[in-house]
Amino acid sequence: PTDAETKDLAEGLGLATFHDDRNFGHLPKGEARNYGDRTFTAMMYAKIVCVQLISHLGYDLLFQDVDIVWYKNPLNYFHDKSNPYYNFDMYFQEDGALTSRYAPYSANSGFYYVRNNEKTRYLFTSLLYRYDDVLQANSHQQTLVQLMADHASLYGLRVKVLSRDMEEFPGGWHYHRKNKEFMKKVVTGEINPYLFHMSWTKNKDNKVKFFQQMGLWYVKDVCIAQTKSTILEGIDGGGVGVALDENGNENPPLVQPCCLAEPNIVCHYRDKPSKIPCSDKDPIDKGKPSFW
């Protein structure tokens, strides 16, 4: 986490964290309102440093943005030695934007897996030294893709981009651009991907709404955009009881007040993919028909 408030929330949900105030204390606490704005670009520094530190320590790593929901553990895909793509250094979800800006890979830097070796350690050290390029381009993704292309040519770095035509790793391109039938198969369970990445979406508010429509939102309303102390103080005057798991161990303090066993499905827009028909809602894109 880049601030103490987020660290407290994460630990309150049972996650292990590392907070480096020296490197991250100057970063903004609020969310970006648009892709590429000042807050968005400033946070790209954190995306570089957190990965470089883990890589430097000698670990394989999985990096993901927080706008991703797992259906099943994606590490199983990367650890499977029978996988025909096993012998790559890095794996990326395809972004979907086949533009020259992200050529030649069209790699989405919001979800990727890295095998630790000399080539990948050098790549992330080089990326840290190229943060000025990120500021110039307003894009961590663009700079990383350019650098990977250089390292693939110069040092033999092996990069695999998981095609947007695969069923295993869908994202915002599928949600907003691909034909409706694919997303209908996702929401009905006919397709069983590893995860869903709500990329290609303007801001946090819309991401939450789309996750709610998809049946992928498991957070109680009382906990949205709140600090740990505010959540605990606001429930029964701070008298939240201790909850135990099936083995009698104490649960982290925010699990009971914040987490839902079943998704909170809410309709917002008729034209976006949804778990249930939302035909009575207005479209977010003017004139678009109902998804169902």
# chains A, B, ... in the order shown; residues from 1 in each chain; ligands from 1
call {"tool": "select_by_dssp", "arguments": {"residues": "region 50-292 of chain A", "states": "strand (DSSP E)", "output": "list in words"}}
result
Leu61, Leu62, Phe63, Gln64, Ile68, Val69, Trp70, Met90, Tyr91, Phe92, Gln93, Glu94, Ala107, Asn108, Ser109, Gly110, Phe111, Tyr112, Tyr113, Val114, Val159, Lys160, Val161, Leu162, Leu195, Phe196 and His197 of chain A
call {"tool": "residues_around", "arguments": {"residues": "region 261-263 of chain A", "least_positions_apart": "3", "cutoff": "9 Å", "atoms": "only C-alpha atoms", "output": "list in words"}}
result
Gln212, Gly215, Leu216, Trp217, Tyr218 and Val219 of chain A
call {"tool": "residues_around", "arguments": {"residues": "Gly287 (chain A)", "least_positions_apart": "4", "cutoff": "12 Å", "atoms": "only C-alpha atoms", "output": "CSV table (one decimal) with all heavy atoms, in the first residue's frame"}}
result
chain,number,residue,atom,x,y,z
A,269,TYR,N,-26.8,0.1,-15.8
A,269,TYR,CA,-26.9,0.5,-17.3
A,269,TYR,C,-27.4,-0.7,-18.1
A,269,TYR,O,-26.8,-1.8,-18.0
A,269,TYR,CB,-25.6,1.0,-17.8
A,269,TYR,CG,-25.0,2.1,-17.0
A,269,TYR,CD1,-23.9,1.9,-16.2
A,269,TYR,CD2,-25.6,3.4,-17.0
A,269,TYR,CE1,-23.3,2.9,-15.5
A,269,TYR,CE2,-25.0,4.4,-16.3
A,269,TYR,CZ,-23.9,4.2,-15.5
A,269,TYR,OH,-23.3,5.2,-14.7
A,270,ARG,N,-28.4,-0.5,-18.9
A,270,ARG,CA,-28.9,-1.6,-19.7
A,270,ARG,C,-28.0,-2.2,-20.7
A,270,ARG,O,-28.1,-3.3,-21.2
A,270,ARG,CB,-30.3,-1.2,-20.3
A,270,ARG,CG,-30.2,-0.3,-21.5
A,270,ARG,CD,-31.5,0.1,-22.0
A,270,ARG,NE,-31.4,1.0,-23.2
A,270,ARG,CZ,-32.2,1.9,-23.5
A,270,ARG,NH1,-33.3,2.2,-22.8
A,270,ARG,NH2,-32.1,2.6,-24.7
A,271,ASP,N,-27.1,-1.3,-21.2
A,271,ASP,CA,-26.3,-1.7,-22.4
A,271,ASP,C,-25.0,-2.3,-22.0
A,271,ASP,O,-24.2,-2.7,-22.9
A,271,ASP,CB,-26.0,-0.4,-23.2
A,271,ASP,CG,-25.3,0.7,-22.5
A,271,ASP,OD1,-25.7,0.9,-21.3
A,271,ASP,OD2,-24.5,1.4,-23.0
A,282,ASP,N,-31.3,3.2,-17.9
A,282,ASP,CA,-30.8,4.0,-19.1
A,282,ASP,C,-29.5,3.4,-19.5
A,282,ASP,O,-28.7,2.9,-18.7
A,282,ASP,CB,-30.7,5.5,-18.7
A,282,ASP,CG,-32.0,6.1,-18.5
A,282,ASP,OD1,-33.0,5.7,-19.1
A,282,ASP,OD2,-32.1,7.1,-17.7
A,283,PRO,N,-29.1,3.6,-20.8
A,283,PRO,CA,-27.8,3.2,-21.2
A,283,PRO,C,-26.7,4.2,-20.8
A,283,PRO,O,-27.0,5.4,-20.7
A,283,PRO,CB,-27.9,3.1,-22.8
A,283,PRO,CG,-29.0,4.1,-23.1
A,283,PRO,CD,-29.9,4.1,-21.9
call {"tool": "select_by_dssp", "arguments": {"residues": "region 157-233 of chain A", "states": "helix (DSSP H, G or I)", "output": "PyMOL selection string"}}
result
chain A and resi 172-176+180-188+204-214+221-223+228-233
call {"tool": "residues_around", "arguments": {"residues": "Ala107 (chain A)", "least_positions_apart": "5", "cutoff": "9 Å", "atoms": "only C-alpha atoms", "output": "list in words"}}
result
Tyr91, Phe92, Gln93, Glu94, Asp95, Gly96, Ala97, Tyr102, Tyr112, Gln141, Gln142, Leu144, Val145, Lys160, Val161 and Leu162 of chain A
call {"tool": "write_last_selection", "arguments": {"atoms": "N, CA and C atoms", "output": "PDB file, in the first residue's frame"}}
result
ATOM      1  N   TYR A  91       4.580 -13.108 -18.691  1.00  0.00           N
ATOM      2  CA  TYR A  91       3.269 -13.327 -19.300  1.00  0.00           C
ATOM      3  C   TYR A  91       2.399 -12.104 -19.026  1.00  0.00           C
ATOM      4  N   PHE A  92       1.700 -11.648 -20.048  1.00  0.00           N
ATOM      5  CA  PHE A  92       0.822 -10.491 -19.914  1.00  0.00           C
ATOM      6  C   PHE A  92      -0.554 -10.803 -20.469  1.00  0.00           C
ATOM      7  N   GLN A  93      -1.561 -10.255 -19.845  1.00  0.00           N
ATOM      8  CA  GLN A  93      -2.884 -10.218 -20.450  1.00  0.00           C
ATOM      9  C   GLN A  93      -2.822  -9.263 -21.638  1.00  0.00           C
ATOM     10  N   GLU A  94      -3.434  -9.636 -22.755  1.00  0.00           N
ATOM     11  CA  GLU A  94      -3.455  -8.717 -23.890  1.00  0.00           C
ATOM     12  C   GLU A  94      -4.384  -7.551 -23.585  1.00  0.00           C
ATOM     13  N   ASP A  95      -3.932  -6.361 -23.934  1.00  0.00           N
ATOM     14  CA  ASP A  95      -4.718  -5.167 -23.653  1.00  0.00           C
ATOM     15  C   ASP A  95      -5.960  -5.096 -24.531  1.00  0.00           C
ATOM     16  N   GLY A  96      -5.814  -5.429 -25.787  1.00  0.00           N
ATOM     17  CA  GLY A  96      -6.924  -5.301 -26.727  1.00  0.00           C
ATOM     18  C   GLY A  96      -6.773  -4.113 -27.649  1.00  0.00           C
ATOM     19  N   ALA A  97      -5.982  -3.116 -27.221  1.00  0.00           N
ATOM     20  CA  ALA A  97      -5.750  -1.931 -28.050  1.00  0.00           C
ATOM     21  C   ALA A  97      -4.588  -2.203 -28.998  1.00  0.00           C
ATOM     22  N   TYR A 102       1.188   0.837 -28.225  1.00  0.00           N
ATOM     23  CA  TYR A 102       1.513  -0.334 -27.403  1.00  0.00           C
ATOM     24  C   TYR A 102       2.138  -1.461 -28.225  1.00  0.00           C
ATOM     25  N   TYR A 112       0.233  -9.239 -14.886  1.00  0.00           N
ATOM     26  CA  TYR A 112       1.326  -9.989 -15.503  1.00  0.00           C
ATOM     27  C   TYR A 112       2.053 -10.849 -14.476  1.00  0.00           C
ATOM     28  N   GLN A 141       2.410   1.655 -19.039  1.00  0.00           N
ATOM     29  CA  GLN A 141       2.220   0.569 -20.003  1.00  0.00           C
ATOM     30  C   GLN A 141       3.042   0.791 -21.269  1.00  0.00           C
ATOM     31  N   GLN A 142       2.977   1.989 -21.820  1.00  0.00           N
ATOM     32  CA  GLN A 142       3.704   2.284 -23.050  1.00  0.00           C
ATOM     33  C   GLN A 142       5.205   2.128 -22.855  1.00  0.00           C
ATOM     34  N   LEU A 144       6.838   0.366 -20.519  1.00  0.00           N
ATOM     35  CA  LEU A 144       7.190  -1.029 -20.268  1.00  0.00           C
ATOM     36  C   LEU A 144       7.203  -1.837 -21.556  1.00  0.00           C
ATOM     37  N   VAL A 145       6.213  -1.639 -22.410  1.00  0.00           N
ATOM     38  CA  VAL A 145       6.158  -2.380 -23.684  1.00  0.00           C
ATOM     39  C   VAL A 145       7.364  -2.042 -24.553  1.00  0.00           C
ATOM     40  N   LYS A 160       5.407 -13.559 -23.350  1.00  0.00           N
ATOM     41  CA  LYS A 160       4.199 -14.158 -23.912  1.00  0.00           C
ATOM     42  C   LYS A 160       3.001 -13.291 -23.569  1.00  0.00           C
ATOM     43  N   VAL A 161       2.297 -12.822 -24.578  1.00  0.00           N
ATOM     44  CA  VAL A 161       1.052 -12.087 -24.375  1.00  0.00           C
ATOM     45  C   VAL A 161      -0.107 -13.059 -24.594  1.00  0.00           C
ATOM     46  N   LEU A 162      -0.942 -13.191 -23.573  1.00  0.00           N
ATOM     47  CA  LEU A 162      -2.055 -14.131 -23.607  1.00  0.00           C
ATOM     48  C   LEU A 162      -3.178 -13.528 -24.444  1.00  0.00           C
TER      49      LEU A 162
END
call {"tool": "closest_residue", "arguments": {"among": "A:Val66, A:Trp173, A:Lys7, A:Lys286", "to": "Glu31 (chain A)", "atoms": "only C-alpha atoms"}}
result
A:Val66
call {"tool": "residues_around", "arguments": {"residues": "region 34-51 of chain A", "least_positions_apart": "2", "cutoff": "10 Å", "atoms": "only C-alpha atoms", "output": "PyMOL selection string"}}
result
chain A and resi 1-2+18-20+23-24+26-32+53-56+61-65+109-110+114+121+124-125+127-132+134-141+144+200-204
call {"tool": "write_last_selection", "arguments": {"atoms": "C-alpha atoms", "output": "short mmCIF file (atom, residue, chain, number, x, y, z; two decimals), in the first residue's frame"}}
result
data_model
loop_
_atom_site.label_atom_id
_atom_site.label_comp_id
_atom_site.auth_asym_id
_atom_site.auth_seq_id
_atom_site.Cartn_x
_atom_site.Cartn_y
_atom_site.Cartn_z
CA PRO A 1 0.00 0.00 0.00
CA THR A 2 1.15 3.55 -0.70
CA PHE A 18 4.57 -3.81 3.16
CA HIS A 19 4.38 -0.03 3.41
CA ASP A 20 7.42 2.09 2.48
CA ASN A 23 9.33 5.93 -1.28
CA PHE A 24 5.54 6.14 -1.29
CA HIS A 26 4.51 11.58 -1.23
CA LEU A 27 2.03 9.81 -3.51
CA PRO A 28 -1.64 10.91 -3.72
CA LYS A 29 -4.19 9.11 -1.55
CA GLY A 30 -7.21 9.74 -3.76
CA GLU A 31 -8.07 7.78 -6.90
CA ALA A 32 -7.45 8.97 -10.44
CA LEU A 53 11.85 -4.56 -5.13
CA ILE A 54 10.32 -8.05 -5.25
CA SER A 55 12.24 -8.89 -8.41
CA HIS A 56 15.51 -7.71 -6.84
CA LEU A 61 5.89 -12.55 -8.90
CA LEU A 62 2.33 -11.91 -10.00
CA PHE A 63 1.38 -8.26 -10.37
CA GLN A 64 -2.23 -7.16 -10.71
CA ASP A 65 -4.28 -4.00 -10.41
CA SER A 109 0.49 -3.80 -17.52
CA GLY A 110 -2.36 -4.31 -15.04
CA VAL A 114 7.23 -12.84 -14.01
CA ARG A 121 15.68 -8.46 -12.90
CA PHE A 124 12.71 -3.97 -13.96
CA THR A 125 15.86 -2.17 -12.86
CA LEU A 127 12.29 0.40 -16.01
CA LEU A 128 12.95 2.12 -12.68
CA TYR A 129 15.61 4.26 -14.36
CA ARG A 130 13.14 5.14 -17.14
CA TYR A 131 10.46 6.74 -14.97
CA ASP A 132 11.03 10.03 -16.78
CA VAL A 134 6.57 7.32 -17.97
CA LEU A 135 6.03 10.97 -17.02
CA GLN A 136 6.52 12.06 -20.61
CA ALA A 137 4.15 9.44 -22.04
CA ASN A 138 1.64 9.55 -19.14
CA SER A 139 1.77 5.78 -19.37
CA HIS A 140 3.60 3.04 -17.47
CA GLN A 141 2.22 0.57 -20.00
CA LEU A 144 7.19 -1.03 -20.27
CA TRP A 200 -10.79 0.02 -20.42
CA THR A 201 -13.04 1.78 -17.88
CA LYS A 202 -12.96 5.51 -17.13
CA ASN A 203 -12.72 5.61 -13.35
CA LYS A 204 -13.26 3.79 -10.06
#
call {"tool": "residues_around", "arguments": {"residues": "Lys209 (chain A)", "least_positions_apart": "3", "cutoff": "8 Å", "atoms": "only C-alpha atoms", "output": "mmCIF file with N, CA, C and O atoms, in the first residue's frame"}}
result
data_model
loop_
_atom_site.group_PDB
_atom_site.id
_atom_site.type_symbol
_atom_site.label_atom_id
_atom_site.label_comp_id
_atom_site.auth_asym_id
_atom_site.auth_seq_id
_atom_site.Cartn_x
_atom_site.Cartn_y
_atom_site.Cartn_z
ATOM 1 N N ASP A 205 -15.493 4.758 -9.995
ATOM 2 C CA ASP A 205 -16.943 4.709 -9.827
ATOM 3 C C ASP A 205 -17.590 3.772 -10.836
ATOM 4 O O ASP A 205 -18.455 2.956 -10.492
ATOM 5 N N ASN A 206 -17.182 3.875 -12.090
ATOM 6 C CA ASN A 206 -17.742 3.006 -13.120
ATOM 7 C C ASN A 206 -17.307 1.556 -12.936
ATOM 8 O O ASN A 206 -18.080 0.625 -13.193
ATOM 9 N N GLN A 212 -20.675 -4.622 -9.927
ATOM 10 C CA GLN A 212 -21.966 -4.920 -9.315
ATOM 11 C C GLN A 212 -22.915 -5.554 -10.328
ATOM 12 O O GLN A 212 -23.625 -6.518 -10.004
ATOM 13 N N GLN A 213 -22.952 -5.035 -11.529
ATOM 14 C CA GLN A 213 -23.809 -5.619 -12.566
ATOM 15 C C GLN A 213 -23.393 -7.046 -12.913
ATOM 16 O O GLN A 213 -24.235 -7.892 -13.197
ATOM 17 N N VAL A 266 -26.351 -5.213 -8.541
ATOM 18 C CA VAL A 266 -27.106 -3.975 -8.706
ATOM 19 C C VAL A 266 -27.077 -3.575 -10.178
ATOM 20 O O VAL A 266 -26.008 -3.521 -10.794
ATOM 21 N N CYS A 267 -28.223 -3.297 -10.758
ATOM 22 C CA CYS A 267 -28.290 -2.835 -12.139
ATOM 23 C C CYS A 267 -28.008 -1.333 -12.213
ATOM 24 O O CYS A 267 -28.510 -0.560 -11.390
ATOM 25 N N HIS A 268 -27.245 -0.928 -13.206
ATOM 26 C CA HIS A 268 -26.952 0.485 -13.424
ATOM 27 C C HIS A 268 -27.230 0.913 -14.864
ATOM 28 O O HIS A 268 -27.832 1.954 -15.097
#
call {"tool": "residues_around", "arguments": {"residues": "Tyr86 (chain A)", "least_positions_apart": "6", "cutoff": "10 Å", "atoms": "only C-alpha atoms", "output": "number ranges by chain"}}
result
A: 77-80, 160
call {"tool": "closest_residue", "arguments": {"among": "A:Tyr59, A:Tyr155, A:Phe211, A:Tyr71", "to": "Ser274 (chain A)", "atoms": "only C-alpha atoms"}}
result
A:Phe211
call {"tool": "atom_distance", "arguments": {"atom1": "CA of Asn87 (chain A)", "atom2": "CA of Asp67 (chain A)"}}
result
27.8 Å
call {"tool": "closest_residue", "arguments": {"among": "A:Leu195, A:Val69, A:Met183, A:Leu57", "to": "Val208 (chain A)", "atoms": "only C-alpha atoms"}}
result
A:Val69
call {"tool": "atom_distance", "arguments": {"atom1": "CA of His176 (chain A)", "atom2": "CA of Trp292 (chain A)"}}
result
14.4 Å
call {"tool": "atom_distance", "arguments": {"atom1": "CA of Leu147 (chain A)", "atom2": "CA of Pro104 (chain A)"}}
result
10.9 Å
call {"tool": "closest_residue", "arguments": {"among": "A:Val255, A:Lys275, A:Thr6, A:His197", "to": "Lys185 (chain A)", "atoms": "only C-alpha atoms"}}
result
A:Lys275
call {"tool": "decode", "arguments": {"residues": "region 26-48 of chain A", "atoms": "N, CA, C and O atoms", "output": "short mmCIF file (atom, residue, chain, number, x, y, z; two decimals), in the first residue's frame"}}
result
data_model
loop_
_atom_site.label_atom_id
_atom_site.label_comp_id
_atom_site.auth_asym_id
_atom_site.auth_seq_id
_atom_site.Cartn_x
_atom_site.Cartn_y
_atom_site.Cartn_z
N HIS A 26 4.86 10.36 -0.49
CA HIS A 26 4.51 11.58 -1.23
C HIS A 26 3.40 11.35 -2.26
O HIS A 26 2.92 12.31 -2.87
N LEU A 27 2.99 10.11 -2.46
CA LEU A 27 2.03 9.81 -3.51
C LEU A 27 0.61 10.19 -3.08
O LEU A 27 0.28 10.17 -1.90
N PRO A 28 -0.26 10.52 -4.05
CA PRO A 28 -1.64 10.91 -3.72
C PRO A 28 -2.43 9.77 -3.10
O PRO A 28 -2.21 8.60 -3.44
N LYS A 29 -3.35 10.12 -2.20
CA LYS A 29 -4.19 9.11 -1.55
C LYS A 29 -5.50 8.88 -2.29
O LYS A 29 -6.10 7.81 -2.18
N GLY A 30 -5.96 9.88 -3.02
CA GLY A 30 -7.21 9.74 -3.76
C GLY A 30 -7.01 9.00 -5.07
O GLY A 30 -5.90 8.87 -5.58
N GLU A 31 -8.14 8.52 -5.63
CA GLU A 31 -8.07 7.78 -6.90
C GLU A 31 -7.97 8.72 -8.08
O GLU A 31 -8.36 9.89 -7.99
N ALA A 32 -7.46 8.21 -9.18
CA ALA A 32 -7.45 8.97 -10.44
C ALA A 32 -8.88 9.11 -10.95
O ALA A 32 -9.69 8.19 -10.82
N ARG A 33 -9.19 10.24 -11.54
CA ARG A 33 -10.51 10.44 -12.12
C ARG A 33 -10.56 10.00 -13.58
O ARG A 33 -11.62 9.66 -14.09
N ASN A 34 -9.40 10.01 -14.24
CA ASN A 34 -9.35 9.61 -15.64
C ASN A 34 -8.01 8.95 -15.94
O ASN A 34 -7.00 9.22 -15.28
N TYR A 35 -8.00 8.10 -16.95
CA TYR A 35 -6.76 7.47 -17.39
C TYR A 35 -5.77 8.55 -17.84
O TYR A 35 -6.11 9.43 -18.63
N GLY A 36 -4.54 8.49 -17.31
CA GLY A 36 -3.49 9.39 -17.75
C GLY A 36 -3.46 10.73 -17.04
O GLY A 36 -2.60 11.57 -17.36
N ASP A 37 -4.38 10.97 -16.06
CA ASP A 37 -4.33 12.25 -15.36
C ASP A 37 -3.15 12.27 -14.38
O ASP A 37 -2.40 11.29 -14.26
N ARG A 38 -2.95 13.37 -13.65
CA ARG A 38 -1.77 13.51 -12.81
C ARG A 38 -1.70 12.46 -11.71
O ARG A 38 -0.62 11.92 -11.42
N THR A 39 -2.83 12.17 -11.11
CA THR A 39 -2.84 11.15 -10.06
C THR A 39 -2.51 9.78 -10.64
O THR A 39 -1.72 9.02 -10.07
N PHE A 40 -3.08 9.47 -11.79
CA PHE A 40 -2.82 8.20 -12.46
C PHE A 40 -1.32 8.05 -12.75
O PHE A 40 -0.71 7.01 -12.44
N THR A 41 -0.72 9.09 -13.31
CA THR A 41 0.69 9.02 -13.68
C THR A 41 1.59 8.93 -12.45
O THR A 41 2.58 8.18 -12.44
N ALA A 42 1.25 9.66 -11.39
CA ALA A 42 2.05 9.61 -10.17
C ALA A 42 2.06 8.20 -9.57
O ALA A 42 3.09 7.72 -9.09
N MET A 43 0.91 7.51 -9.64
CA MET A 43 0.83 6.16 -9.06
C MET A 43 1.59 5.13 -9.89
O MET A 43 1.86 4.03 -9.39
N MET A 44 1.93 5.47 -11.12
CA MET A 44 2.72 4.54 -11.92
C MET A 44 4.10 4.32 -11.32
O MET A 44 4.73 3.28 -11.53
N TYR A 45 4.58 5.31 -10.57
CA TYR A 45 5.86 5.15 -9.86
C TYR A 45 5.77 3.98 -8.88
O TYR A 45 6.68 3.16 -8.78
N ALA A 46 4.66 3.90 -8.16
CA ALA A 46 4.48 2.80 -7.21
C ALA A 46 4.42 1.46 -7.94
O ALA A 46 4.95 0.45 -7.44
N LYS A 47 3.79 1.42 -9.11
CA LYS A 47 3.70 0.17 -9.88
C LYS A 47 5.09 -0.32 -10.29
O LYS A 47 5.33 -1.53 -10.40
N ILE A 48 6.00 0.62 -10.53
CA ILE A 48 7.36 0.25 -10.92
C ILE A 48 8.15 -0.22 -9.71
O ILE A 48 8.79 -1.29 -9.74
#
